[in-house]
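This report refers to the structure that appears directly beneath it.
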Amino acid sequence: NAGLADIDPEIAQVLDQELGRQRGTLEMIASENFVPRSVLQVQGSVLTNKYAEGYPGRRYYGGCEYVDVAENLAIERAKSLFGAAYANVQPHSGASANAAVMHAFARAGDKMLGLELAHGGHLTHGMKINFSGRLYDVASYEVDPATHRIDMDVVRKRALEHRPKVIVAGWSAYPRQLDFEAFRSIADEVGATLWVDMAHFAGLVAAGLHPNPVPIADVVSSTVHKTIGGPRSGFILSRDEANAKKLNSAVFPGQQGGPLMHVVAAKAVAFKLAAEAEFRAKQERTLEGARILADRLQEADVAEAGVQVLTGGTDVHLVLVDLRNSPLDGQQAEDLLHEVGITVNRNSVPFDPRPPMVTSGLRIGTPALASRGFGPEEFTEVADIIAQALKPGADAQALRARVLTLTDGFPLYEGLEQY
Ligand code: PLP
């Protein structure tokens, strides 16, 4: 019955140190969040022991009577949250969900059309060395060089040029909403399947604060761990059951073996919580925080330092900072913020002159801080700390002290002490 600290003190120390890091810094990586204690509990449960290849009621293993209940709950809750007729909650991650979607709707060599990686697209939407770029013939649409927004005339032009089998609408770094209806009509015009990857903005959709792609797209994939704030994993939805068989067999046995039942059950918990009023209020704070940040970073003192906000604002949970005219590159800005205790990631901006390991941008998101309880007052303070940090001659120590006042005021995982 020895505890982890006795069995493996090195790993116990990693857990303690990571908990301390999360408590003592401001987490602003746009794709991260803090899961509720209930989700942590389910992920650390005995469900991890269970093999359950197949689907509820049709498993290849015995003893699945209880995990079937969990998976059915996750499916029903996902369907009801997003107004879908079909849900698959088994993908281990967003990338596995996407691999399964392509597996279901295309064959190797078929053409796919997605947002250019350097303009905010995801690896699984056609990056050369990703499965998507290796298996499929990839074409991309870019953002407009002046507005940095997706121009639907360009998407249509590319679609007519390339006649893709699948068009993917979705992003990892884009601060605006997509026009799903326009994507639908382009897909119909060229006879393509329309796939929306809502990995980033699914929590906003669940809260009714972002248009829902489910009624419009042929298939929708997502992660659970970004704005939804659930366990690290993925899922797939569809407005009808027409592609249910194809999608289920693309996930299992097409892409995966046994589902992670502790994660599937944790998804059920996350979807339950996402239907509650408290979740909606949190998503509202998330959006408001991002707007406050975008506004502050466009004030004269920051603009004078050559810092710009891509597209001039945000409609979602993140802000993209353009440093092309600043003395700082993305790496330096990320390091500077790290020093004051704010965690963000450097990010290529469209038409970035610097390489992807350096970049000329930052992606800053508000979901984790909203989960921590931050509202407009705290986000105003965070925005000013970031603004000061990005100006020349920043006093990192003074800014670090301001960060600590915020982290001390909003304790994280209170009572969770030692592993
Ligand atoms: N799709 C999009 C749009 C993403 O931004 C991400 C994650 O960054 C993924 C898919 C992949 O998710 P995961 O990291 O769980 O594989």
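Each chain of the structure tokens is named A, B, ... in the order shown, its residues numbered from 1; ligands are numbered from 1 in display order.
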
query = How would you write, as a PyMOL selection string, the set of residues no farther than 6 Å from ligand 1 when counting only C-alpha atoms and all ligand atoms?
reply = chain A and resi 93-95+122+170-172+197+199-200+223+233

request  = Looking only at alpha helix (DSSP H) from DSSP on the backbone, list the matching residues of region 184-335 of chain A as a PyMOL selection string.
outcome  = chain A and resi 184-190+202-206+244-249+261-274+277-296+300-303+330-335

inquiry  = Give me the residues near region 51-63 of chain A as a PyMOL selection string, where near means some atom within 12 Å (using only C-alpha atoms) and where sequence neighbours in that chain fewer than 2 positions away do not count.
reply    = chain A and resi 46-49+65-75+87-90+245+248-262+264

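A straight line drawn from CA of Ala265 (chain A) to CA of His125 (chain A) is 28.1 Å long.
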
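Distances from A:Val321, A:Leu310, A:Leu204, A:Ala169 to Asp144 (chain A) were compared using only C-alpha atoms, and the smallest one belongs to A:Leu310.
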
Sort by chain and increasing residue number a table of all residues of region 24-117 of chain A within 12 Å of region 282-304 of chain A, each with its closest pair of atoms and their distance in Å to one decimal, counting only C-alpha atoms, and write it as JSON lines.
```
{"residue": "A:Met28", "atom": "CA", "partner": "A:Ala290", "partner_atom": "CA", "distance": 10.4}
{"residue": "A:Ala30", "atom": "CA", "partner": "A:Ala290", "partner_atom": "CA", "distance": 10.2}
{"residue": "A:Asn33", "atom": "CA", "partner": "A:Thr286", "partner_atom": "CA", "distance": 11.1}
```

Create the file for the chosen residues now, containing C-alpha atoms and written as an mmCIF file, in the first residue's frame.
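The resulting result33.cif:
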```
data_model
loop_
_atom_site.group_PDB
_atom_site.id
_atom_site.type_symbol
_atom_site.label_atom_id
_atom_site.label_comp_id
_atom_site.auth_asym_id
_atom_site.auth_seq_id
_atom_site.Cartn_x
_atom_site.Cartn_y
_atom_site.Cartn_z
ATOM 1 C CA MET A 28 -2.268 31.445 -20.905
ATOM 2 C CA ALA A 30 -4.670 28.985 -25.565
ATOM 3 C CA ASN A 33 -7.125 24.484 -19.280
#
```

Exercise: Gly203 (chain A) partners within 7 Å, only C-alpha atoms, chain neighbours under 4 positions left out, as a ChimeraX atom specification = /A:207,227-228

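If you look at CA of Leu247 (chain A) and CA of Tyr141 (chain A), they are 26.0 Å away from each other.
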
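Neighbouring residues of Asp153 (chain A) at 10 Å or closer, counting only C-alpha atoms and skipping chain neighbours under 6 positions away, are Ala159, Ala182 and Ile186 of chain A.
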
Residues of the last selection are to be written out with C-alpha atoms, as a PDB file, in the first residue's frame.
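Dumped to out-v9.pdb:
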```pdb
ATOM      1  CA  ALA A 159     -11.560  24.559 -54.013  1.00  0.00           C
ATOM      2  CA  ALA A 182     -19.932  29.721 -46.835  1.00  0.00           C
ATOM      3  CA  ILE A 186     -18.235  25.776 -51.460  1.00  0.00           C
TER       4      ILE A 186
END
```

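Counting only C-alpha atoms and comparing A:Ile342, A:Ala396, A:Ile167, A:Val309, the residue that lies closest to Thr147 (chain A) is A:Val309.
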
request  = Using only C-alpha atoms, determine which residues lie at most 12 Å from Asn212 (chain A), disregarding the query and same-chain residues fewer than 5 positions distant; provide the list as number ranges by chain.
outcome  = A: 81-84, 177-181, 196-198, 201-207, 217, 220, 237-239

Hey, can you spit out that residue selection with C-alpha atoms as a PDB file, in the first residue's frame?
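Saved file part-v3.pdb follows:
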```
ATOM      1  CA  LEU A  81     -24.616  19.304 -25.827  1.00  0.00           C
ATOM      2  CA  PHE A  82     -23.962  19.917 -29.528  1.00  0.00           C
ATOM      3  CA  GLY A  83     -27.274  18.890 -31.100  1.00  0.00           C
ATOM      4  CA  ALA A  84     -25.719  15.907 -32.893  1.00  0.00           C
ATOM      5  CA  GLN A 177     -15.143  32.893 -36.218  1.00  0.00           C
ATOM      6  CA  LEU A 178     -15.397  30.893 -39.427  1.00  0.00           C
ATOM      7  CA  ASP A 179     -18.260  31.265 -41.887  1.00  0.00           C
ATOM      8  CA  PHE A 180     -19.533  27.669 -41.812  1.00  0.00           C
ATOM      9  CA  GLU A 181     -22.385  28.395 -44.252  1.00  0.00           C
ATOM     10  CA  VAL A 196     -15.131  21.140 -39.216  1.00  0.00           C
ATOM     11  CA  ASP A 197     -12.398  20.727 -36.614  1.00  0.00           C
ATOM     12  CA  MET A 198     -13.704  22.713 -33.637  1.00  0.00           C
ATOM     13  CA  PHE A 201     -13.656  26.654 -29.880  1.00  0.00           C
ATOM     14  CA  ALA A 202     -15.853  23.682 -28.864  1.00  0.00           C
ATOM     15  CA  GLY A 203     -16.371  25.070 -25.352  1.00  0.00           C
ATOM     16  CA  LEU A 204     -17.689  28.328 -26.789  1.00  0.00           C
ATOM     17  CA  VAL A 205     -20.057  26.341 -29.025  1.00  0.00           C
ATOM     18  CA  ALA A 206     -21.265  24.256 -26.071  1.00  0.00           C
ATOM     19  CA  ALA A 207     -22.034  27.468 -24.192  1.00  0.00           C
ATOM     20  CA  ALA A 217     -20.903  20.189 -41.593  1.00  0.00           C
ATOM     21  CA  VAL A 220     -17.169  17.623 -36.780  1.00  0.00           C
ATOM     22  CA  LEU A 237     -19.866  14.293 -34.046  1.00  0.00           C
ATOM     23  CA  SER A 238     -22.269  14.230 -36.933  1.00  0.00           C
ATOM     24  CA  ARG A 239     -25.665  15.819 -37.516  1.00  0.00           C
TER      25      ARG A 239
END
```

Test item: residues at most 10 Å from Thr359 (chain A), only C-alpha atoms, excluding those fewer than 6 positions along its chain, as a VMD selection string = chain A and resid 322 to 324 329 to 332 346 to 349 352 to 353

Dump N, CA and C atoms for the selected residues as a compact mmCIF listing (two decimals), in the first residue's frame?
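Saved file selection_14.txt follows:
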```txt
# COMPACT_ATOMS: atom_id res chain seq x y z
N ASP A 322 1.31 40.21 -32.97
CA ASP A 322 2.22 40.30 -34.11
C ASP A 322 3.42 41.14 -33.70
N LEU A 323 4.59 40.51 -33.68
CA LEU A 323 5.81 41.21 -33.22
C LEU A 323 6.73 41.57 -34.38
N ARG A 324 6.21 41.50 -35.60
CA ARG A 324 7.10 41.74 -36.76
C ARG A 324 7.74 43.12 -36.72
N ASP A 329 11.51 39.07 -30.83
CA ASP A 329 10.92 38.02 -31.65
C ASP A 329 10.02 37.16 -30.75
N GLY A 330 9.38 36.16 -31.32
CA GLY A 330 8.44 35.34 -30.56
C GLY A 330 9.10 34.62 -29.39
N GLN A 331 10.29 34.08 -29.66
CA GLN A 331 11.02 33.35 -28.62
C GLN A 331 11.37 34.28 -27.44
N GLN A 332 11.86 35.46 -27.76
CA GLN A 332 12.25 36.41 -26.70
C GLN A 332 11.01 36.84 -25.89
N ARG A 346 5.00 30.97 -28.27
CA ARG A 346 5.34 31.74 -29.46
C ARG A 346 4.64 31.08 -30.62
N ASN A 347 4.32 31.86 -31.62
CA ASN A 347 3.51 31.35 -32.70
C ASN A 347 3.85 32.09 -33.98
N SER A 348 3.99 31.36 -35.07
CA SER A 348 4.23 32.03 -36.34
C SER A 348 3.03 32.92 -36.66
N VAL A 349 3.31 34.10 -37.21
CA VAL A 349 2.21 34.90 -37.75
C VAL A 349 2.19 34.64 -39.25
N ASP A 352 5.28 35.08 -41.85
CA ASP A 352 6.33 35.30 -40.84
C ASP A 352 7.71 35.20 -41.49
N PRO A 353 8.55 36.23 -41.31
CA PRO A 353 9.90 36.12 -41.88
C PRO A 353 10.81 35.21 -41.06
```

request  = Give me every strand (DSSP E or B) residue in region 309-338 of chain A, going by DSSP on the backbone, as a PyMOL selection string.
outcome  = chain A and resi 309+318-322

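Proximity of A:Leu390, A:Ala100, A:Leu399, A:Val154 to Val340 (chain A), computed with only C-alpha atoms, is greatest for A:Leu399.
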
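The gap separating CA of Glu417 (chain A) from CA of Asp8 (chain A) is 16.8 Å, in Å to one decimal.
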
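Restricting the calculation to only C-alpha atoms, the smallest distance between Gly415 (chain A) and any of A:Arg37, A:Ala242, A:Ser140, A:Asp110 is found for A:Arg37.
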